[in-house]
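Scroll down for the structure; my scribbles are underneath it.
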Amino acid sequence: MQSLTQLLLDFRDERDWAQFHDSKNLALALSIEAAELNELFLWSPNGQLPEGREERLAEELADVLAYALLLAHNHGLNVDEIVRQKVAKNALKYPAEKARGTSAKYNELGQ
């Protein structure tokens, strides 16, 4: 993750774009790119990616990930660490024996 973040920082700095990359703008950009990612699946049958949109999927997903990495960098967050922490937290909220095969929210498991 660090090498990807550095690649993004180098790209940004070569263009003097750091001035635009405050946390608010990065969060907004991430949200907008996520909406563009969602748009690829809009009205698609069975929630499948329509044929011929694989390249666009890769591009939009790359945008989302790039903005997320830059936002994490702005706040000194280690992406590997925070994702592992979140998975551990979710493992407690969604024990495999209760959550397997269901999309129920954690407070509805076992009811």
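Labels for the structure tokens follow display order: chains A, B, ..., residues from 1 in each chain, ligands from 1.
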
Q | Test item: residues at most 12 Å from Gln6 (chain A), only C-alpha atoms, excluding those fewer than 5 positions along its chain, as a PyMOL selection string | A | chain A and resi 1+11-13+66+69-70+73

Q | Contacts of region 15-22 of chain A within 12 Å, only C-alpha atoms, excl. fewer than 3 positions in-chain, as a list in words | A | Leu8, Leu9, Asp10, Phe11, Arg12, Asn25, Leu26, Ala27, Leu28, Ala29, Leu30, Ala66, Tyr67, Ala68, Leu69, Leu70, Leu71, Ala72, His73, Asn74 and His75 of chain A

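Taking CA of Leu61 (chain A) as the reference point, CA of Leu37 (chain A) is found at 6.7 Å.
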
Q: Enumerate, as a PyMOL selection string, the complete set of residues in chain A that a backbone-based DSSP assignment places in alpha helix (DSSP H).
A: chain A and resi 2-14+23-39+54-74+79-93+96-99

Q. Do you know which residues are at most 10 Å from region 80-91 of chain A counting only C-alpha atoms, after dropping those on the same chain fewer than 4 positions away, and could you put them as a ChimeraX atom specification?
A. /A:1-2,72,95-96,99,106

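Interatomic distance, CA of Lys93 (chain A) to CA of Leu109 (chain A): 9.3 Å.
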
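Checking A:Leu92, A:Glu97, A:Ala35, A:Pro50 one by one against Val64 (chain A), counting only C-alpha atoms, you find the shortest gap at A:Ala35.
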
Q. For Ala58 (chain A), which residue out of A:Glu36, A:Asn46, A:Gly101, A:Gly76 is the nearest one, using only C-alpha atoms?
A. A:Glu36
